[in-house]
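Data block below; observations after.
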Amino acid sequence: MKNVKWPLLVYAILAATSIMGIGIAISEKSITGAIGCIVAIIVIMGMGFKTKRKMRENGEI
């Protein structure tokens, strides 16, 4: 557990949850839910990549 990058793990879990949400929204025939989950995945992935870039610049990765 020493080498775990906790912020990146949290972003990965949130992204996976959003992807599951897309599937659930589609099965429930909820267009707004699917669109909301798609927006969420875009935001979460963007924040994850931004965090990874900052960590790389600071020598943490």
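Chains: A, B, ... in order of the structure tokens. Residues: from 1 per chain. Ligands: from 1, in order shown.
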- Tell me, as a list in words, which residues lie within 6 Å of range 3-19 of chain A, counting only C-alpha atoms; anything in the same chain fewer than 4 positions away does not count.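 So the residues in contact are Cys37, Ile41 and Gly48 of chain A.
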Could you write out that same residue set with all heavy atoms as a short mmCIF file (atom, residue, chain, number, x, y, z; two decimals), in the first residue's frame?
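again.cif, written as the output of this step:
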data_model
loop_
_atom_site.label_atom_id
_atom_site.label_comp_id
_atom_site.auth_asym_id
_atom_site.auth_seq_id
_atom_site.Cartn_x
_atom_site.Cartn_y
_atom_site.Cartn_z
N CYS A 37 -24.34 11.24 -16.66
CA CYS A 37 -23.20 10.36 -16.41
C CYS A 37 -22.08 10.58 -17.43
O CYS A 37 -20.90 10.50 -17.09
CB CYS A 37 -23.64 8.91 -16.40
SG CYS A 37 -24.60 8.45 -14.94
N ILE A 41 -18.34 11.66 -16.43
CA ILE A 41 -17.13 10.92 -16.80
C ILE A 41 -16.13 11.85 -17.48
O ILE A 41 -14.92 11.75 -17.24
CB ILE A 41 -17.45 9.69 -17.68
CG1 ILE A 41 -16.22 8.80 -17.84
CG2 ILE A 41 -17.91 10.04 -19.04
CD1 ILE A 41 -15.95 7.93 -16.71
N GLY A 48 -8.71 13.85 -13.40
CA GLY A 48 -7.70 12.82 -13.15
C GLY A 48 -6.44 13.05 -13.95
O GLY A 48 -5.32 12.94 -13.43
#
- Message: According to DSSP computed on the backbone, where in chain A is there helix (DSSP H, G or I)? Give the residues as a VMD selection string.
- Response: chain A and resid 6 to 27 31 to 57
- Task: Tell me which protein, DNA and RNA residues are within 10 Å of Ala25 in chain A, counting only C-alpha atoms, leaving out same-chain ones fewer than 4 positions away, and put them as a list in words.
- Result: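 Contacts, with the query itself left out: Ile19, Met20, Gly21, Lys29, Ser30, Ile31, Thr32, Gly33, Ala34, Ile35, Gly36 and Cys37 of chain A.
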- Message: Between CA of Thr51 in chain A and CA of Gly23 in chain A, what distance in Å does the model show, to one decimal?
- Response: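 That distance, rounded to one decimal, is 26.7 Å.
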- Note on the structure: Students should find that CA of Ile22 in chain A and CA of Ile42 in chain A are spaced 12.3 Å
- Task: For CA of Ile61 in chain A and CA of Met47 in chain A, determine how far apart the two atoms are, in Å to one decimal place.
- Result: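 Answer for the CA of Ile61 in chain A to CA of Met47 in chain A separation: 16.4 Å.
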